[in-house]
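Structure data follow from target_20.cif (mmCIF, C-alpha atoms and all ligand atoms; chains and numbers go by the auth columns):
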```
data_target
#
loop_
_atom_site.group_PDB
_atom_site.id
_atom_site.type_symbol
_atom_site.label_atom_id
_atom_site.label_comp_id
_atom_site.label_asym_id
_atom_site.label_seq_id
_atom_site.Cartn_x
_atom_site.Cartn_y
_atom_site.Cartn_z
_atom_site.B_iso_or_equiv
_atom_site.auth_seq_id
_atom_site.auth_asym_id
ATOM 1 C CA MET A 1 0.000 0.000 0.000 0.00 1 A
ATOM 2 C CA TYR A 2 0.937 3.651 -0.240 0.00 2 A
ATOM 3 C CA PHE A 3 -0.322 6.634 1.736 0.00 3 A
ATOM 4 C CA ASP A 4 0.259 10.354 2.039 0.00 4 A
ATOM 5 C CA PRO A 5 0.687 11.228 5.760 0.00 5 A
ATOM 6 C CA ALA A 6 -0.598 14.759 5.128 0.00 6 A
ATOM 7 C CA VAL A 7 -3.962 13.233 4.091 0.00 7 A
ATOM 8 C CA SER A 8 -4.188 10.650 6.895 0.00 8 A
ATOM 9 C CA LYS A 9 -1.677 9.452 9.453 0.00 9 A
ATOM 10 C CA LYS A 10 -3.483 6.131 9.911 0.00 10 A
ATOM 11 C CA PRO A 11 -5.451 5.165 6.807 0.00 11 A
ATOM 12 C CA ALA A 12 -7.269 1.795 6.909 0.00 12 A
ATOM 13 C CA PRO A 13 -6.296 -0.804 7.958 0.00 13 A
ATOM 14 C CA PHE A 14 -4.094 0.971 10.533 0.00 14 A
ATOM 15 C CA SER A 15 -5.558 1.595 13.965 0.00 15 A
ATOM 16 C CA PHE A 16 -2.612 3.773 15.028 0.00 16 A
ATOM 17 C CA SER A 17 -0.097 5.805 13.057 0.00 17 A
ATOM 18 C CA PRO A 18 2.567 3.317 11.929 0.00 18 A
ATOM 19 C CA PHE A 19 5.184 6.050 11.313 0.00 19 A
ATOM 20 C CA LYS A 20 7.324 5.498 14.405 0.00 20 A
ATOM 21 C CA SER A 21 7.200 1.711 13.957 0.00 21 A
ATOM 22 C CA MET A 22 9.083 2.000 10.702 0.00 22 A
ATOM 23 C CA VAL A 23 12.055 4.066 11.879 0.00 23 A
ATOM 24 C CA VAL A 24 13.396 1.590 14.395 0.00 24 A
ATOM 25 C CA PRO A 25 15.074 0.974 16.695 0.00 25 A
ATOM 26 C CA ARG A 26 15.558 4.577 17.840 0.00 26 A
ATOM 27 C CA PRO A 27 18.165 5.311 20.485 0.00 27 A
ATOM 28 C CA ILE A 28 16.856 7.192 23.487 0.00 28 A
ATOM 29 C CA GLY A 29 18.433 10.505 24.364 0.00 29 A
ATOM 30 C CA TRP A 30 17.932 10.845 28.100 0.00 30 A
ATOM 31 C CA ILE A 31 18.535 14.563 28.304 0.00 31 A
ATOM 32 C CA SER A 32 19.424 16.408 31.498 0.00 32 A
ATOM 33 C CA THR A 33 19.290 20.192 31.645 0.00 33 A
ATOM 34 C CA ILE A 34 19.084 22.917 34.258 0.00 34 A
ATOM 35 C CA SER A 35 16.960 26.067 34.311 0.00 35 A
ATOM 36 C CA GLU A 36 18.376 29.539 34.720 0.00 36 A
ATOM 37 C CA ASP A 37 17.058 29.357 38.313 0.00 37 A
ATOM 38 C CA GLY A 38 19.054 26.174 38.945 0.00 38 A
ATOM 39 C CA VAL A 39 16.258 23.530 38.777 0.00 39 A
ATOM 40 C CA PRO A 40 17.565 20.307 37.163 0.00 40 A
ATOM 41 C CA ASN A 41 15.397 18.431 34.652 0.00 41 A
ATOM 42 C CA LEU A 42 15.588 15.027 32.974 0.00 42 A
ATOM 43 C CA ALA A 43 13.457 13.648 30.115 0.00 43 A
ATOM 44 C CA PRO A 44 13.745 10.985 27.385 0.00 44 A
ATOM 45 C CA PHE A 45 13.631 11.793 23.656 0.00 45 A
ATOM 46 C CA SER A 46 13.621 9.115 20.958 0.00 46 A
ATOM 47 C CA PHE A 47 13.657 11.523 18.048 0.00 47 A
ATOM 48 C CA PHE A 48 17.343 11.542 18.826 0.00 48 A
ATOM 49 C CA ASN A 49 20.642 10.503 17.294 0.00 49 A
ATOM 50 C CA ALA A 50 24.349 11.204 16.792 0.00 50 A
ATOM 51 C CA ILE A 51 24.707 13.242 13.607 0.00 51 A
ATOM 52 C CA ALA A 52 28.480 13.704 13.230 0.00 52 A
ATOM 53 C CA GLU A 53 31.667 12.300 14.761 0.00 53 A
ATOM 54 C CA ASP A 54 34.304 14.984 14.161 0.00 54 A
ATOM 55 C CA PRO A 55 33.429 17.126 15.945 0.00 55 A
ATOM 56 C CA PRO A 56 30.935 14.910 17.781 0.00 56 A
ATOM 57 C CA MET A 57 27.399 16.275 17.433 0.00 57 A
ATOM 58 C CA LEU A 58 23.971 15.099 18.641 0.00 58 A
ATOM 59 C CA ALA A 59 20.444 16.167 17.720 0.00 59 A
ATOM 60 C CA PHE A 60 17.006 15.576 19.185 0.00 60 A
ATOM 61 C CA SER A 61 13.521 16.890 18.679 0.00 61 A
ATOM 62 C CA PRO A 62 11.204 18.197 21.397 0.00 62 A
ATOM 63 C CA ASN A 63 7.622 18.154 20.094 0.00 63 A
ATOM 64 C CA GLY A 64 4.467 19.685 21.489 0.00 64 A
ATOM 65 C CA TYR A 65 3.866 21.318 24.827 0.00 65 A
ATOM 66 C CA HIS A 66 4.545 20.708 28.515 0.00 66 A
ATOM 67 C CA GLU A 67 1.505 19.261 30.315 0.00 67 A
ATOM 68 C CA GLU A 68 1.102 22.554 32.213 0.00 68 A
ATOM 69 C CA GLY A 69 1.351 24.547 28.975 0.00 69 A
ATOM 70 C CA GLY A 70 4.308 26.318 27.426 0.00 70 A
ATOM 71 C CA ARG A 71 7.408 24.685 26.063 0.00 71 A
ATOM 72 C CA LYS A 72 8.745 21.403 27.374 0.00 72 A
ATOM 73 C CA ASP A 73 11.170 22.079 30.228 0.00 73 A
ATOM 74 C CA THR A 74 14.066 20.554 28.294 0.00 74 A
ATOM 75 C CA LEU A 75 13.674 22.979 25.384 0.00 75 A
ATOM 76 C CA GLN A 76 13.052 25.952 27.690 0.00 76 A
ATOM 77 C CA ASN A 77 16.158 25.172 29.769 0.00 77 A
ATOM 78 C CA ILE A 78 18.405 24.729 26.727 0.00 78 A
ATOM 79 C CA THR A 79 17.129 28.007 25.289 0.00 79 A
ATOM 80 C CA GLU A 80 18.068 29.697 28.574 0.00 80 A
ATOM 81 C CA THR A 81 21.401 28.048 29.368 0.00 81 A
ATOM 82 C CA LYS A 82 22.669 26.707 25.975 0.00 82 A
ATOM 83 C CA GLU A 83 23.760 23.427 27.605 0.00 83 A
ATOM 84 C CA PHE A 84 22.492 19.862 27.955 0.00 84 A
ATOM 85 C CA VAL A 85 23.719 16.364 28.771 0.00 85 A
ATOM 86 C CA TYR A 86 22.902 13.141 26.933 0.00 86 A
ATOM 87 C CA ASN A 87 22.726 10.111 29.246 0.00 87 A
ATOM 88 C CA LEU A 88 22.751 6.583 27.780 0.00 88 A
ATOM 89 C CA VAL A 89 19.834 4.431 29.013 0.00 89 A
ATOM 90 C CA GLY A 90 20.553 0.788 29.732 0.00 90 A
ATOM 91 C CA PHE A 91 17.830 -1.848 30.108 0.00 91 A
ATOM 92 C CA ASP A 92 18.338 -1.777 33.889 0.00 92 A
ATOM 93 C CA MET A 93 17.127 1.826 33.948 0.00 93 A
ATOM 94 C CA ALA A 94 14.037 1.334 31.730 0.00 94 A
ATOM 95 C CA ASN A 95 11.506 2.021 34.480 0.00 95 A
ATOM 96 C CA GLN A 96 13.345 5.058 35.788 0.00 96 A
ATOM 97 C CA MET A 97 13.668 6.431 32.258 0.00 97 A
ATOM 98 C CA ASN A 98 9.920 5.969 31.780 0.00 98 A
ATOM 99 C CA ALA A 99 9.192 7.709 35.103 0.00 99 A
ATOM 100 C CA THR A 100 11.100 10.787 33.927 0.00 100 A
ATOM 101 C CA SER A 101 8.707 11.161 30.969 0.00 101 A
ATOM 102 C CA GLY A 102 5.704 11.673 33.248 0.00 102 A
ATOM 103 C CA PRO A 103 3.761 14.897 33.833 0.00 103 A
ATOM 104 C CA VAL A 104 6.199 16.398 36.312 0.00 104 A
ATOM 105 C CA PRO A 105 5.397 20.057 37.134 0.00 105 A
ATOM 106 C CA HIS A 106 7.736 22.853 35.987 0.00 106 A
ATOM 107 C CA GLY A 107 10.229 23.419 38.778 0.00 107 A
ATOM 108 C CA GLU A 108 10.378 19.782 39.885 0.00 108 A
ATOM 109 C CA ASP A 109 13.420 17.583 39.307 0.00 109 A
ATOM 110 C CA GLU A 110 12.660 14.261 37.542 0.00 110 A
ATOM 111 C CA MET A 111 15.891 12.746 38.899 0.00 111 A
ATOM 112 C CA VAL A 112 14.391 13.032 42.376 0.00 112 A
ATOM 113 C CA VAL A 113 10.984 11.782 41.167 0.00 113 A
ATOM 114 C CA ALA A 114 12.609 8.694 39.591 0.00 114 A
ATOM 115 C CA GLY A 115 14.951 8.056 42.529 0.00 115 A
ATOM 116 C CA LEU A 116 18.087 8.642 40.465 0.00 116 A
ATOM 117 C CA ALA A 117 21.416 9.892 41.774 0.00 117 A
ATOM 118 C CA ALA A 118 22.869 12.943 40.039 0.00 118 A
ATOM 119 C CA ALA A 119 26.571 13.648 39.520 0.00 119 A
ATOM 120 C CA PRO A 120 28.236 16.906 38.497 0.00 120 A
ATOM 121 C CA CYS A 121 29.630 17.516 35.017 0.00 121 A
ATOM 122 C CA GLU A 122 33.068 18.904 34.161 0.00 122 A
ATOM 123 C CA LYS A 123 32.238 21.699 31.715 0.00 123 A
ATOM 124 C CA VAL A 124 28.464 22.238 31.848 0.00 124 A
ATOM 125 C CA LYS A 125 26.037 23.102 34.631 0.00 125 A
ATOM 126 C CA PRO A 126 23.334 20.400 34.163 0.00 126 A
ATOM 127 C CA PRO A 127 23.946 17.302 36.286 0.00 127 A
ATOM 128 C CA ARG A 128 24.376 13.896 34.674 0.00 128 A
ATOM 129 C CA VAL A 129 22.730 10.599 35.663 0.00 129 A
ATOM 130 C CA ARG A 130 25.465 9.205 37.920 0.00 130 A
ATOM 131 C CA ASP A 131 24.912 5.512 37.128 0.00 131 A
ATOM 132 C CA ALA A 132 24.369 5.841 33.364 0.00 132 A
ATOM 133 C CA ALA A 133 26.910 3.865 31.319 0.00 133 A
ATOM 134 C CA ALA A 134 27.850 7.077 29.502 0.00 134 A
ATOM 135 C CA SER A 135 27.006 10.774 29.601 0.00 135 A
ATOM 136 C CA PHE A 136 27.964 13.380 27.007 0.00 136 A
ATOM 137 C CA GLU A 137 28.271 17.020 28.022 0.00 137 A
ATOM 138 C CA CYS A 138 26.931 19.205 25.205 0.00 138 A
ATOM 139 C CA GLU A 139 26.916 22.867 24.304 0.00 139 A
ATOM 140 C CA LEU A 140 24.080 24.137 22.134 0.00 140 A
ATOM 141 C CA HIS A 141 24.992 24.545 18.465 0.00 141 A
ATOM 142 C CA GLN A 142 21.577 25.534 17.084 0.00 142 A
ATOM 143 C CA ILE A 143 17.832 25.233 17.643 0.00 143 A
ATOM 144 C CA ILE A 144 15.875 24.923 14.405 0.00 144 A
ATOM 145 C CA ASP A 145 12.093 25.461 14.283 0.00 145 A
ATOM 146 C CA LEU A 146 10.475 22.595 12.361 0.00 146 A
ATOM 147 C CA PRO A 147 7.040 22.837 10.703 0.00 147 A
ATOM 148 C CA ALA A 148 4.234 22.907 13.301 0.00 148 A
ATOM 149 C CA GLY A 149 2.002 19.858 13.761 0.00 149 A
ATOM 150 C CA SER A 150 -1.431 19.516 12.128 0.00 150 A
ATOM 151 C CA LYS A 151 -3.020 21.004 15.269 0.00 151 A
ATOM 152 C CA GLY A 152 -0.434 23.784 15.459 0.00 152 A
ATOM 153 C CA SER A 153 1.813 22.201 18.078 0.00 153 A
ATOM 154 C CA PRO A 154 5.472 23.254 17.906 0.00 154 A
ATOM 155 C CA ASN A 155 8.363 21.044 16.791 0.00 155 A
ATOM 156 C CA SER A 156 12.026 21.906 17.234 0.00 156 A
ATOM 157 C CA LEU A 157 15.364 20.351 16.413 0.00 157 A
ATOM 158 C CA VAL A 158 18.074 20.875 19.011 0.00 158 A
ATOM 159 C CA ILE A 159 21.635 20.348 17.775 0.00 159 A
ATOM 160 C CA GLY A 160 24.454 20.090 20.284 0.00 160 A
ATOM 161 C CA ARG A 161 28.216 19.741 20.172 0.00 161 A
ATOM 162 C CA VAL A 162 29.711 17.171 22.546 0.00 162 A
ATOM 163 C CA ILE A 163 32.436 18.787 24.653 0.00 163 A
ATOM 164 C CA GLY A 164 32.970 16.140 27.337 0.00 164 A
ATOM 165 C CA ILE A 165 32.375 12.377 27.589 0.00 165 A
ATOM 166 C CA HIS A 166 31.940 10.311 30.768 0.00 166 A
ATOM 167 C CA VAL A 167 32.175 6.509 30.442 0.00 167 A
ATOM 168 C CA ARG A 168 31.542 4.087 33.294 0.00 168 A
ATOM 169 C CA ASP A 169 34.796 2.167 33.781 0.00 169 A
ATOM 170 C CA ASP A 170 33.106 -1.259 33.993 0.00 170 A
ATOM 171 C CA VAL A 171 31.788 -1.018 30.402 0.00 171 A
ATOM 172 C CA ILE A 172 35.278 -0.602 28.889 0.00 172 A
ATOM 173 C CA THR A 173 36.822 -3.927 27.792 0.00 173 A
ATOM 174 C CA GLU A 174 40.490 -4.915 28.153 0.00 174 A
ATOM 175 C CA GLU A 175 40.804 -4.443 24.364 0.00 175 A
ATOM 176 C CA GLY A 176 39.749 -0.826 24.779 0.00 176 A
ATOM 177 C CA ARG A 177 36.226 -1.114 23.387 0.00 177 A
ATOM 178 C CA ILE A 178 32.787 -0.337 24.752 0.00 178 A
ATOM 179 C CA ASP A 179 31.136 -3.561 25.972 0.00 179 A
ATOM 180 C CA ILE A 180 27.637 -3.188 24.569 0.00 180 A
ATOM 181 C CA ARG A 181 26.514 -6.464 26.194 0.00 181 A
ATOM 182 C CA LYS A 182 27.162 -4.931 29.602 0.00 182 A
ATOM 183 C CA ILE A 183 25.254 -1.755 28.790 0.00 183 A
ATOM 184 C CA ARG A 184 22.266 -3.415 27.059 0.00 184 A
ATOM 185 C CA PRO A 185 21.115 -0.087 25.552 0.00 185 A
ATOM 186 C CA LEU A 186 17.381 0.455 25.476 0.00 186 A
ATOM 187 C CA ALA A 187 15.821 1.441 22.158 0.00 187 A
ATOM 188 C CA ARG A 188 12.394 2.716 21.186 0.00 188 A
ATOM 189 C CA LEU A 189 10.100 0.997 18.706 0.00 189 A
ATOM 190 C CA GLY A 190 6.566 2.116 17.751 0.00 190 A
ATOM 191 C CA TYR A 191 3.509 2.137 20.022 0.00 191 A
ATOM 192 C CA MET A 192 4.547 1.412 23.641 0.00 192 A
ATOM 193 C CA ASP A 193 7.201 -1.059 22.509 0.00 193 A
ATOM 194 C CA TYR A 194 10.908 -1.119 23.264 0.00 194 A
ATOM 195 C CA SER A 195 13.875 -3.231 22.289 0.00 195 A
ATOM 196 C CA VAL A 196 17.171 -3.944 23.966 0.00 196 A
ATOM 197 C CA VAL A 197 20.539 -4.304 22.225 0.00 197 A
ATOM 198 C CA ASP A 198 22.204 -7.382 23.672 0.00 198 A
ATOM 199 C CA ASP A 199 23.528 -9.080 20.539 0.00 199 A
ATOM 200 C CA PHE A 200 25.310 -7.918 17.401 0.00 200 A
ATOM 201 C CA PHE A 201 27.363 -9.075 14.435 0.00 201 A
ATOM 202 C CA THR A 202 30.303 -7.540 12.622 0.00 202 A
ATOM 203 C CA LEU A 203 30.469 -6.684 8.922 0.00 203 A
ATOM 204 C CA ASP A 204 33.678 -5.446 7.353 0.00 204 A
ATOM 205 C CA ARG A 205 33.513 -2.618 4.825 0.00 205 A
ATOM 206 C CA PRO A 206 34.027 -3.511 1.145 0.00 206 A
ATOM 207 C CA PRO A 207 37.725 -3.469 0.145 0.00 207 A
ATOM 208 C CA GLY A 208 38.853 0.104 -0.436 0.00 208 A
ATOM 209 C CA GLY A 209 35.790 1.495 1.336 0.00 209 A
ATOM 210 C CA GLY A 210 35.450 2.713 4.866 0.00 210 A
ATOM 211 C CA MET A 211 34.707 6.211 5.950 0.00 211 A
ATOM 212 C CA GLU A 212 37.321 6.035 8.670 0.00 212 A
ATOM 213 C CA GLN A 213 40.150 6.013 6.116 0.00 213 A
ATOM 214 C CA PRO A 214 41.219 9.250 4.455 0.00 214 A
ATOM 215 C CA PRO A 215 40.431 9.463 0.726 0.00 215 A
ATOM 216 C CA PRO A 216 43.299 8.410 -1.577 0.00 216 A
ATOM 217 C CA VAL A 217 45.577 11.222 -2.771 0.00 217 A
ATOM 218 C CA LYS A 218 45.070 11.787 -6.503 0.00 218 A
ATOM 219 C CA SER A 219 48.266 11.893 -8.534 0.00 219 A
ATOM 220 C CA SER A 220 48.387 14.753 -11.043 0.00 220 A
HETATM 221 C C1 LIG B . 10.962 6.618 25.386 0.00 301 B
HETATM 222 C C2 LIG B . 10.363 7.986 25.225 0.00 301 B
HETATM 223 C C3 LIG B . 10.734 8.754 24.153 0.00 301 B
HETATM 224 C C4 LIG B . 10.217 10.051 23.998 0.00 301 B
HETATM 225 N N1 LIG B . 10.597 10.778 22.918 0.00 301 B
HETATM 226 C C5 LIG B . 10.162 12.048 22.776 0.00 301 B
HETATM 227 C C6 LIG B . 10.618 12.852 21.689 0.00 301 B
HETATM 228 O O1 LIG B . 11.421 12.431 20.845 0.00 301 B
HETATM 229 N N2 LIG B . 10.156 14.123 21.623 0.00 301 B
HETATM 230 C C7 LIG B . 9.295 14.640 22.560 0.00 301 B
HETATM 231 O O2 LIG B . 8.932 15.809 22.458 0.00 301 B
HETATM 232 N N3 LIG B . 8.845 13.907 23.593 0.00 301 B
HETATM 233 C C8 LIG B . 9.279 12.629 23.736 0.00 301 B
HETATM 234 N N4 LIG B . 8.859 11.877 24.807 0.00 301 B
HETATM 235 C C9 LIG B . 7.986 12.503 25.814 0.00 301 B
HETATM 236 C C10 LIG B . 8.798 13.385 26.776 0.00 301 B
HETATM 237 O O3 LIG B . 9.777 12.617 27.451 0.00 301 B
HETATM 238 C C11 LIG B . 7.846 14.036 27.789 0.00 301 B
HETATM 239 O O4 LIG B . 6.994 14.934 27.115 0.00 301 B
HETATM 240 C C12 LIG B . 8.542 14.731 28.915 0.00 301 B
HETATM 241 O O5 LIG B . 7.600 15.009 29.924 0.00 301 B
HETATM 242 C C13 LIG B . 9.186 16.044 28.537 0.00 301 B
HETATM 243 O O6 LIG B . 9.767 16.541 29.704 0.00 301 B
HETATM 244 P P1 LIG B . 10.220 18.033 29.971 0.00 301 B
HETATM 245 O O7 LIG B . 8.992 18.927 29.918 0.00 301 B
HETATM 246 O O8 LIG B . 10.793 17.921 31.340 0.00 301 B
HETATM 247 O O9 LIG B . 11.216 18.415 28.920 0.00 301 B
HETATM 248 C C14 LIG B . 9.310 10.569 24.962 0.00 301 B
HETATM 249 C C15 LIG B . 8.923 9.769 26.051 0.00 301 B
HETATM 250 C C16 LIG B . 9.438 8.488 26.174 0.00 301 B
HETATM 251 C C17 LIG B . 9.023 7.632 27.345 0.00 301 B
#
```

Show how you would write the structure in this file as structure tokens.
Ligand SMILES: Cc1cc2nc3c(=O)[nH]c(=O)nc-3n(C[C@H](O)[C@H](O)[C@H](O)COP(=O)(O)O)c2cc1C
Amino acid sequence: MYFDPAVSKKPAPFSFSPFKSMVVPRPIGWISTISEDGVPNLAPFSFFNAIAEDPPMLAFSPNGYHEEGGRKDTLQNITETKEFVYNLVGFDMANQMNATSGPVPHGEDEMVVAGLAAAPCEKVKPPRVRDAAASFECELHQIIDLPAGSKGSPNSLVIGRVIGIHVRDDVITEEGRIDIRKIRPLARLGYMDYSVVDDFFTLDRPPGGGMEQPPPVKSS
């Protein structure tokens, strides 16, 4: 079948919009920020990804409004302070991550609500999730306004530059790699579904390919 999402987001036979089920699995950006007044905030965003490696950059998209009206706290705080932290969510923190997405009033700290311990960052003011396998300190690069939703709700794209990286020592292998089986990263599917990364396979690049190698020098 084919459908135009501007005409209907869930044409028959769909009972829910299938859009998010077909861009999967999405990593979860568990984003900590702090308001100008010093109130910490934590919320998950699955319209999230790494978008460049050198320099390292991340992007995520806050959509819609806060339950009390106005912008989501995350977007408001980043607009005010130009800083945020990405925390990596492992399967062991699934319930706490979910708790931080709830309707928590402006001015209340979701880390406290979810029973999470905070730890200070090196270069930015927002705290990080102390027990996360990794946390990236980010400075704001740009906020881009995206087209508003069909009912007029706002959509933004927040782009950040990573300026500091914390890695939990126990997830670094003796060979100097990240042990993904220890982290078991949580990923978002469609509907209320999630996945967990606890297996993988390796595929070498085609001979001569590989983005990590510099391009060959052309002889004149
Ligand atoms: C796994 C998960 C992923 C989410 N992804 C997004 C997202 O990409 N964009 C968004 O605006 N809200 C997303 N939400 C909802 C926000 O987390 C929620 O609105 C939260 O209350 C925002 O908090 P804040 O007002 O403290 O920023 C997601 C929720 C969950 C549980």

Exercise for review: Give as a list in words the residues surrounding ligand LIG 301 (chain B) up to a distance of 7 Å, considering all atoms listed in the file.
Suggested key: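 Sorted by chain and then by number, the residues are Ile28, Asn41, Leu42, Ala43, Pro44, Phe45, Ser46, Phe47, Phe48, Phe60, Ser61, Pro62, Asn63, Gly64, His66, Lys72, Asp73, Thr74, Leu75, Met97, Asn98, Thr100, Ser101, Gly102, Pro103, Val104 and Arg188 of chain A.
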
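In this structure, CA of Ile143 in chain A sits 15.1 Å away from CA of Ile31 in chain A.
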
Return the padded bounding box of range 69-73 of chain A as AutoDock Vina command-line options: axis-aligned, built from all atoms listed in the file, 4 Å added on each side, with centre and edge lengths in Å to one decimal.
```
--center_x 6.3 --center_y 23.9 --center_z 28.1 --size_x 17.8 --size_y 12.9 --size_z 12.2
```

Revision key, fill the gap. Of A:Ile172, A:Met111, A:Met1, A:Leu203, the one nearest to Trp30 in chain A when counting only C-alpha atoms is A:Met111

Point to revise | Selection dump of the PyMOL selection byres (((chain A and resi 186) around 10) and not hetatm), as an MDAnalysis selection string | key: chainID A and resid 25:28 88:94 97 183:185 187:189 194:198

Review point. Expressed in Å to a single decimal, how great is the separation between CA of Asp109 in chain A and CA of Gly160 in chain A?
Key: 22.1 Å

Give as a JSON list (two decimals) with C-alpha atoms, in the coordinates of the input the residues that the PyMOL selection byres (((chain A and resi 112) around 12) and not hetatm) matches when applied to the coordinates above.
```json
[["chain", "number", "residue", "atom", "x", "y", "z"],
["A", 39, "VAL", "CA", 16.26, 23.53, 38.78],
["A", 40, "PRO", "CA", 17.57, 20.31, 37.16],
["A", 41, "ASN", "CA", 15.40, 18.43, 34.65],
["A", 42, "LEU", "CA", 15.59, 15.03, 32.97],
["A", 96, "GLN", "CA", 13.34, 5.06, 35.79],
["A", 99, "ALA", "CA", 9.19, 7.71, 35.10],
["A", 100, "THR", "CA", 11.10, 10.79, 33.93],
["A", 104, "VAL", "CA", 6.20, 16.40, 36.31],
["A", 107, "GLY", "CA", 10.23, 23.42, 38.78],
["A", 108, "GLU", "CA", 10.38, 19.78, 39.88],
["A", 109, "ASP", "CA", 13.42, 17.58, 39.31],
["A", 110, "GLU", "CA", 12.66, 14.26, 37.54],
["A", 111, "MET", "CA", 15.89, 12.75, 38.90],
["A", 113, "VAL", "CA", 10.98, 11.78, 41.17],
["A", 114, "ALA", "CA", 12.61, 8.69, 39.59],
["A", 115, "GLY", "CA", 14.95, 8.06, 42.53],
["A", 116, "LEU", "CA", 18.09, 8.64, 40.47],
["A", 117, "ALA", "CA", 21.42, 9.89, 41.77],
["A", 118, "ALA", "CA", 22.87, 12.94, 40.04],
["A", 129, "VAL", "CA", 22.73, 10.60, 35.66]]
```

Review point. Distance CA of Asp169 in chain A-CA of Pro126 in chain A, one decimal place?
Key: 21.5 Å

Review point. Quick one: of A:Gly29, A:Lys182, A:Glu122, A:Gly149, who's nearest to Lys9 in chain A, counting all atoms listed in the file?
Key: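 Closest residue, counting all atoms listed in the file: A:Gly149.
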
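All residues of protein, DNA or RNA that reach within 12 Å of Pro120 in chain A, judged by only C-alpha atoms and not counting those fewer than 3 positions away in the chain, are Ser32, Thr33, Ile34, Pro40, Val85, Ala117, Lys123, Val124, Lys125, Pro126, Pro127, Arg128, Val129, Arg130, Asp131, Ser135, Glu137 and His166 of chain A.
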
Check your understanding: From the list A:Ala50, A:Cys121, A:Ala59, A:Gly70, which residue is nearest Ile144 in chain A when using all atoms listed in the file?
Key ->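 Among the listed residues, the smallest separation from Ile144 in chain A belongs to A:Ala59.
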
Check your understanding: Could you spell out the hits of the PyMOL selection byres (((chain A and resi 161) around 10) and not hetatm) on the shown file, as an NGL selection string?
Key -> :A and (50-59 or 83-84 or 136-142 or 159-160 or 162-164)
